[in-house]
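For reference, my_file-v9.cif is printed below; it contains mmCIF, C-alpha atoms.
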```cif
data_entry
loop_
_atom_site.label_atom_id
_atom_site.label_comp_id
_atom_site.auth_asym_id
_atom_site.auth_seq_id
_atom_site.Cartn_x
_atom_site.Cartn_y
_atom_site.Cartn_z
CA MET A 1 8.74 -93.67 -22.25
CA LYS A 2 5.48 -94.89 -20.71
CA PRO A 3 4.39 -91.47 -19.35
CA PHE A 4 5.15 -89.97 -22.77
CA ILE A 5 3.02 -92.60 -24.50
CA GLN A 6 0.13 -91.98 -22.09
CA LEU A 7 0.38 -88.22 -22.63
CA PHE A 8 0.48 -88.69 -26.39
CA SER A 9 -2.60 -90.95 -26.26
CA LEU A 10 -4.53 -88.37 -24.22
CA LEU A 11 -3.57 -85.64 -26.67
CA ILE A 12 -4.80 -87.69 -29.63
CA ALA A 13 -8.08 -88.48 -27.84
CA PHE A 14 -8.60 -84.78 -27.11
CA ILE A 15 -8.00 -83.80 -30.72
CA VAL A 16 -10.39 -86.47 -32.00
CA THR A 17 -13.20 -85.25 -29.71
CA ILE A 18 -12.92 -81.63 -30.87
CA PRO A 19 -16.00 -80.91 -33.04
CA VAL A 20 -15.10 -80.04 -36.63
CA PHE A 21 -17.39 -77.70 -38.54
CA GLY A 22 -17.17 -76.60 -42.16
CA TYR A 23 -18.42 -73.10 -41.46
CA ASN A 24 -16.58 -70.05 -40.19
CA GLU A 25 -17.81 -69.51 -36.62
CA SER A 26 -17.46 -65.72 -36.76
CA ASP A 27 -19.54 -65.72 -39.97
CA LEU A 28 -22.28 -67.69 -38.20
CA VAL A 29 -22.30 -65.26 -35.26
CA LYS A 30 -22.44 -62.33 -37.68
CA PHE A 31 -25.31 -63.90 -39.61
CA LYS A 32 -27.34 -64.59 -36.48
CA ALA A 33 -26.87 -60.99 -35.37
CA LEU A 34 -27.61 -59.29 -38.71
CA ASN A 35 -29.72 -61.87 -40.59
CA ALA A 36 -27.32 -61.16 -43.44
CA CYS A 37 -23.86 -62.34 -44.36
CA GLN A 38 -23.06 -61.89 -48.04
CA GLY A 39 -20.18 -64.03 -49.28
CA CYS A 40 -19.80 -65.83 -45.93
CA ASP A 41 -18.97 -69.48 -45.31
CA LEU A 42 -21.84 -71.22 -43.53
CA SER A 43 -21.22 -74.67 -44.97
CA GLU A 44 -22.51 -77.47 -42.73
CA ALA A 45 -24.15 -74.96 -40.35
CA ASN A 46 -27.17 -76.22 -38.42
CA LEU A 47 -30.05 -73.77 -38.98
CA ARG A 48 -32.84 -76.24 -38.44
CA ASN A 49 -36.24 -74.62 -37.69
CA ALA A 50 -34.57 -71.17 -37.67
CA ASN A 51 -36.61 -68.05 -38.51
CA LEU A 52 -34.67 -66.54 -41.43
CA THR A 53 -37.43 -64.44 -42.98
CA GLY A 54 -35.95 -61.94 -45.43
CA ALA A 55 -32.39 -63.13 -44.77
CA ASN A 56 -29.69 -61.95 -47.17
CA LEU A 57 -27.56 -64.98 -48.03
CA SER A 58 -26.48 -63.85 -51.46
CA GLY A 59 -23.33 -65.63 -52.61
CA VAL A 60 -22.99 -67.52 -49.31
CA ASN A 61 -21.47 -71.00 -49.14
CA LEU A 62 -24.32 -73.06 -47.64
CA SER A 63 -23.19 -76.46 -48.88
CA ASN A 64 -24.38 -79.34 -46.67
CA ALA A 65 -26.11 -76.91 -44.28
CA ASN A 66 -29.24 -78.05 -42.44
CA PHE A 67 -32.30 -75.84 -43.12
CA SER A 68 -34.95 -78.48 -42.40
CA GLY A 69 -38.13 -76.79 -41.18
CA ALA A 70 -36.55 -73.31 -41.43
CA ASN A 71 -38.52 -70.20 -42.43
CA LEU A 72 -36.78 -68.57 -45.41
CA ARG A 73 -39.69 -66.54 -46.77
CA TYR A 74 -38.54 -63.63 -48.94
CA ALA A 75 -34.88 -64.60 -48.41
CA ASN A 76 -32.19 -63.66 -50.93
CA LEU A 77 -30.27 -66.77 -51.99
CA THR A 78 -29.00 -65.48 -55.33
CA GLY A 79 -25.70 -67.07 -56.31
CA ALA A 80 -25.56 -69.15 -53.10
CA ASN A 81 -23.93 -72.58 -53.01
CA LEU A 82 -26.67 -74.89 -51.74
CA SER A 83 -25.18 -78.18 -52.89
CA GLY A 84 -25.98 -81.03 -50.51
CA ALA A 85 -28.07 -78.78 -48.24
CA ASN A 86 -31.12 -80.15 -46.44
CA PHE A 87 -34.29 -78.07 -46.95
CA THR A 88 -36.79 -80.75 -45.94
CA GLY A 89 -40.04 -79.02 -45.02
CA ALA A 90 -38.48 -75.53 -45.24
CA ASP A 91 -40.57 -72.49 -46.23
CA LEU A 92 -38.96 -70.92 -49.31
CA SER A 93 -42.00 -69.03 -50.56
CA ARG A 94 -41.26 -65.83 -52.50
CA VAL A 95 -37.54 -66.54 -52.20
CA ASP A 96 -35.06 -65.10 -54.72
CA ILE A 97 -32.84 -67.94 -55.94
CA GLY A 98 -31.36 -66.79 -59.25
CA GLY A 99 -27.99 -68.39 -59.99
CA ALA A 100 -28.02 -70.65 -56.92
CA SER A 101 -26.58 -74.18 -57.08
CA PHE A 102 -28.78 -76.99 -55.73
CA SER A 103 -26.83 -80.09 -56.74
CA ARG A 104 -27.51 -83.03 -54.36
CA ALA A 105 -29.80 -80.88 -52.20
CA ASN A 106 -32.84 -82.39 -50.46
CA LEU A 107 -35.91 -80.20 -50.99
CA SER A 108 -38.63 -82.73 -50.22
CA GLY A 109 -41.72 -81.10 -48.76
CA ALA A 110 -40.27 -77.59 -49.19
CA ASN A 111 -42.64 -74.68 -49.86
CA PHE A 112 -41.79 -72.62 -52.98
CA THR A 113 -45.16 -70.88 -53.36
CA GLY A 114 -44.80 -67.93 -55.73
CA ALA A 115 -40.99 -68.24 -55.86
CA ASP A 116 -39.00 -67.22 -58.93
CA LEU A 117 -36.97 -70.27 -59.99
CA SER A 118 -36.71 -69.44 -63.67
CA ARG A 119 -33.61 -70.88 -65.37
CA VAL A 120 -32.45 -72.62 -62.16
CA ASN A 121 -30.90 -76.09 -62.48
CA LEU A 122 -32.90 -78.49 -60.30
CA SER A 123 -31.88 -81.67 -62.10
CA ARG A 124 -31.81 -85.01 -60.27
CA ILE A 125 -32.68 -83.74 -56.80
CA ASN A 126 -35.42 -84.70 -54.36
CA LEU A 127 -38.44 -82.41 -54.72
CA SER A 128 -41.06 -84.95 -53.71
CA ARG A 129 -44.16 -83.39 -52.09
CA ALA A 130 -42.71 -79.91 -52.58
CA ASN A 131 -45.16 -77.02 -53.09
CA PHE A 132 -44.56 -74.98 -56.25
CA SER A 133 -48.01 -73.46 -56.57
CA TYR A 134 -47.89 -70.32 -58.77
CA ALA A 135 -44.08 -70.45 -58.87
CA ASP A 136 -42.11 -69.41 -61.95
CA LEU A 137 -40.34 -72.52 -63.23
CA SER A 138 -39.97 -71.35 -66.81
CA ARG A 139 -36.93 -72.80 -68.62
CA VAL A 140 -35.94 -74.69 -65.45
CA SER A 141 -33.99 -77.93 -65.77
CA LEU A 142 -35.84 -80.68 -63.90
CA SER A 143 -34.29 -83.57 -65.78
CA GLY A 144 -34.44 -86.78 -63.74
CA THR A 145 -35.89 -84.92 -60.75
CA ASP A 146 -38.21 -86.60 -58.23
CA LEU A 147 -41.44 -84.55 -58.16
CA THR A 148 -43.62 -87.35 -56.82
CA GLY A 149 -46.70 -85.89 -55.14
CA ALA A 150 -45.51 -82.31 -55.76
CA ASN A 151 -48.02 -79.45 -55.93
CA LEU A 152 -47.48 -77.46 -59.15
CA THR A 153 -50.91 -75.81 -59.27
CA GLY A 154 -50.85 -72.73 -61.49
CA ALA A 155 -47.06 -72.87 -61.93
CA ASN A 156 -45.35 -71.57 -65.05
CA LEU A 157 -43.37 -74.42 -66.62
CA THR A 158 -43.07 -73.07 -70.15
CA GLY A 159 -39.88 -74.28 -71.78
CA ALA A 160 -38.92 -76.40 -68.76
CA ASN A 161 -36.97 -79.63 -69.20
CA LEU A 162 -38.78 -82.51 -67.48
CA THR A 163 -36.95 -85.31 -69.28
CA GLY A 164 -37.18 -88.47 -67.20
CA ALA A 165 -38.77 -86.61 -64.28
CA SER A 166 -41.10 -88.46 -61.90
CA LEU A 167 -44.41 -86.59 -61.64
CA ARG A 168 -46.36 -89.48 -60.18
CA ASP A 169 -49.44 -88.29 -58.32
CA ALA A 170 -48.32 -84.68 -58.86
CA ASN A 171 -50.91 -81.87 -59.05
CA LEU A 172 -50.39 -79.86 -62.24
CA SER A 173 -53.87 -78.39 -62.46
CA GLY A 174 -53.89 -75.03 -64.22
CA THR A 175 -50.17 -75.35 -65.00
CA ASP A 176 -48.68 -73.79 -68.15
CA LEU A 177 -46.75 -76.58 -69.91
CA ARG A 178 -46.39 -75.06 -73.36
CA THR A 179 -43.15 -76.08 -75.14
CA THR A 180 -42.19 -78.21 -72.11
CA ASN A 181 -40.00 -81.28 -72.70
CA LEU A 182 -41.70 -84.32 -71.14
CA TYR A 183 -39.65 -87.03 -72.84
CA GLU A 184 -39.68 -90.21 -70.69
CA ALA A 185 -41.48 -88.37 -67.87
CA ASP A 186 -43.68 -90.42 -65.53
CA LEU A 187 -47.15 -88.89 -65.08
CA LEU A 188 -48.84 -91.89 -63.47
CA ASP A 189 -51.98 -90.66 -61.63
CA ALA A 190 -50.95 -87.03 -62.21
CA ASN A 191 -53.62 -84.32 -62.27
CA LEU A 192 -53.42 -82.09 -65.37
CA THR A 193 -56.91 -80.58 -65.05
CA LYS A 194 -57.18 -77.31 -67.02
CA THR A 195 -53.49 -77.53 -67.90
CA ASN A 196 -52.27 -75.59 -70.93
CA LEU A 197 -50.56 -78.04 -73.30
CA ARG A 198 -51.38 -76.18 -76.48
CA ASN A 199 -48.92 -76.95 -79.29
CA ALA A 200 -47.18 -79.46 -77.03
CA ASN A 201 -45.12 -82.09 -78.82
CA PHE A 202 -45.51 -85.63 -77.49
CA ASN A 203 -44.36 -87.18 -80.75
CA ASN A 204 -43.40 -90.78 -79.85
CA ALA A 205 -42.35 -89.61 -76.38
CA TYR A 206 -41.98 -92.40 -73.82
CA VAL A 207 -44.28 -90.70 -71.34
CA ASN A 208 -46.29 -92.66 -68.80
CA PHE A 209 -49.81 -91.19 -68.98
CA THR A 210 -51.46 -94.05 -67.04
CA ARG A 211 -54.59 -92.69 -65.31
CA THR A 212 -53.44 -89.11 -65.98
CA ASN A 213 -56.28 -86.60 -65.56
CA PHE A 214 -56.60 -84.21 -68.54
CA THR A 215 -60.07 -82.91 -67.60
CA GLU A 216 -60.62 -79.53 -69.35
CA ALA A 217 -56.95 -79.47 -70.42
CA ASP A 218 -56.00 -77.48 -73.51
CA LEU A 219 -54.43 -79.91 -76.00
CA ARG A 220 -55.24 -77.93 -79.12
CA ASP A 221 -52.76 -78.47 -81.96
CA ALA A 222 -50.76 -80.89 -79.78
CA ASN A 223 -48.71 -83.60 -81.48
CA LEU A 224 -50.04 -86.83 -79.97
CA ASN A 225 -48.32 -89.19 -82.40
CA GLY A 226 -47.38 -92.56 -80.96
CA ILE A 227 -48.56 -92.00 -77.38
CA ASP A 228 -50.96 -94.04 -75.25
CA LEU A 229 -53.84 -92.19 -73.58
CA THR A 230 -56.01 -95.30 -73.19
CA THR A 231 -56.51 -94.93 -69.44
CA SER A 232 -56.28 -91.13 -69.31
CA LYS A 233 -59.26 -88.96 -68.34
CA LEU A 234 -60.13 -86.52 -71.13
CA ASN A 235 -63.47 -85.08 -69.95
CA ASN A 236 -64.08 -81.76 -71.78
CA ALA A 237 -60.44 -81.64 -72.95
CA ARG A 238 -59.86 -79.40 -76.00
CA LEU A 239 -58.35 -81.48 -78.79
CA ASP A 240 -59.01 -79.25 -81.82
CA GLY A 241 -56.23 -79.64 -84.37
CA ALA A 242 -54.43 -82.38 -82.41
CA LYS A 243 -52.28 -84.72 -84.54
CA TYR A 244 -52.90 -88.47 -84.33
CA CYS A 245 -50.73 -91.27 -85.66
CA LYS A 246 -50.55 -94.61 -83.87
CA THR A 247 -52.22 -92.78 -80.99
CA GLN A 248 -54.02 -94.95 -78.45
CA MET A 249 -57.13 -93.12 -77.27
CA PRO A 250 -59.82 -94.43 -74.88
CA TRP A 251 -62.05 -95.06 -77.92
CA GLY A 252 -59.42 -96.82 -80.00
CA LEU A 253 -56.34 -96.45 -82.21
CA LEU A 254 -56.19 -93.24 -84.29
CA ASN A 255 -54.08 -92.87 -87.44
CA ASP A 256 -55.69 -89.74 -88.88
CA ASP A 257 -52.41 -87.96 -89.56
CA CYS A 258 -50.06 -90.80 -90.51
#
```

Kindly transcribe the structure held in the file into structure tokens.
Amino acid sequence: MKPFIQLFSLLIAFIVTIPVFGYNESDLVKFKALNACQGCDLSEANLRNANLTGANLSGVNLSNANFSGANLRYANLTGANLSGANFTGADLSRVDIGGASFSRANLSGANFTGADLSRVNLSRINLSRANFSYADLSRVSLSGTDLTGANLTGANLTGANLTGASLRDANLSGTDLRTTNLYEADLLDANLTKTNLRNANFNNAYVNFTRTNFTEADLRDANLNGIDLTTSKLNNARLDGAKYCKTQMPWGLLNDDC
């Protein structure tokens, strides 16, 4: 029996040391050859620092794949499964992402310059220090998302849901935030210079505006009831028609519209 036990032990050890990948190896070979693989399974594939410019990954399973530092400019990721994928520092500028799933993905430091992300669900994921300059984020769900230090210069965020999002130290200069939901958002030290907040409703919203910069921002007709702007910078901000009730301004408490 002893030789049998030794043989069995060696067999088990061999099986345990065999690398197990989630992706289909032939799909990965095909993708590397064609830079396209619609509907393939590339889950858990390691594509770190890869040059994937213009790649067609429409409908591909990319869950838990590693794209850190990869170049995905102009890539087609429509309908792809990107849950749990790592895009740390990846270049996703001008990418097409409609219908993609990003749940649990890490997108910290990723570059989305000029990308169309409208209607995409980016709730509760890591987007800290990501670059969204001039990107289309209209009607995007960013509820509970970490956008600390993110660059949102000139981005379109009309109708976006930023409930509970962290925008600490984020750059939102020139951003369009009309009809955006900022309930319980954290804008500590955020830059909203020349931001369009016209008709915005901050009515009793639990928003942290500590040291927020509203220089030259458009706050005309905004509902500022119940919010605290005591430490905010409002140099040359447009406040025509703004509503005040229990509003803490740098010059005191305003109850004009109670």

Decode the PyMOL selection byres ((chain A and resi 59) around 6) for the given file into explicit residues and return them as a compact mmCIF listing (two decimals) with C-alpha atoms, in the coordinates of the input.
```
# COMPACT_ATOMS: atom_id res chain seq x y z
CA GLN A 38 -23.06 -61.89 -48.04
CA GLY A 39 -20.18 -64.03 -49.28
CA SER A 58 -26.48 -63.85 -51.46
CA VAL A 60 -22.99 -67.52 -49.31
CA GLY A 79 -25.70 -67.07 -56.31
CA ALA A 80 -25.56 -69.15 -53.10
```

Could you check how far CA of Thr231 in chain A sits from CA of Leu219 in chain A, in Å to one decimal?
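Going from CA of Thr231 in chain A over to CA of Leu219 in chain A covers 16.5 Å.
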
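Proximity ranking of A:Ala150, A:Leu224, A:Leu62, A:Met249 relative to Asn191 in chain A places A:Ala150 first, based on only C-alpha atoms.
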
Mind telling me what the PyMOL selection byres ((chain A and resi 237) around 7) catches here, as a short mmCIF file (atom, residue, chain, number, x, y, z; two decimals) with C-alpha atoms, keeping the file's coordinate frame?
```cif
data_model
loop_
_atom_site.label_atom_id
_atom_site.label_comp_id
_atom_site.auth_asym_id
_atom_site.auth_seq_id
_atom_site.Cartn_x
_atom_site.Cartn_y
_atom_site.Cartn_z
CA PHE A 214 -56.60 -84.21 -68.54
CA THR A 215 -60.07 -82.91 -67.60
CA GLU A 216 -60.62 -79.53 -69.35
CA ALA A 217 -56.95 -79.47 -70.42
CA ASP A 218 -56.00 -77.48 -73.51
CA LEU A 219 -54.43 -79.91 -76.00
CA LEU A 234 -60.13 -86.52 -71.13
CA ASN A 235 -63.47 -85.08 -69.95
CA ASN A 236 -64.08 -81.76 -71.78
CA ARG A 238 -59.86 -79.40 -76.00
CA LEU A 239 -58.35 -81.48 -78.79
#
```

If you take every atom of range 242-254 of chain A that the file lists and fit an axis-aligned box around them with 8 Å extra on each side, what centre and edge lengths come out in Å to one decimal, as AutoDock Vina command-line options?
```
--center_x -56.3 --center_y -89.6 --center_z -80.3 --size_x 27.5 --size_y 30.4 --size_z 26.8
```

Which polymer residues have any atom within 8 Å of an atom of Arg168 in chain A, counting all atoms listed in the file, with same-chain residues fewer than 5 positions away left out, as a list in words?
Leu147, Thr148, Gly149, Asp186, Leu187, Leu188, Asp189 and Ala190 of chain A

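The coordinates place CA of Ala85 in chain A at 12.2 Å from CA of Ala70 in chain A.
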
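For the choices A:Ala185, A:Thr88, A:Tyr23, A:Asn64, the atom-to-atom distance to Asn49 in chain A is smallest for A:Thr88 when using all atoms listed in the file.
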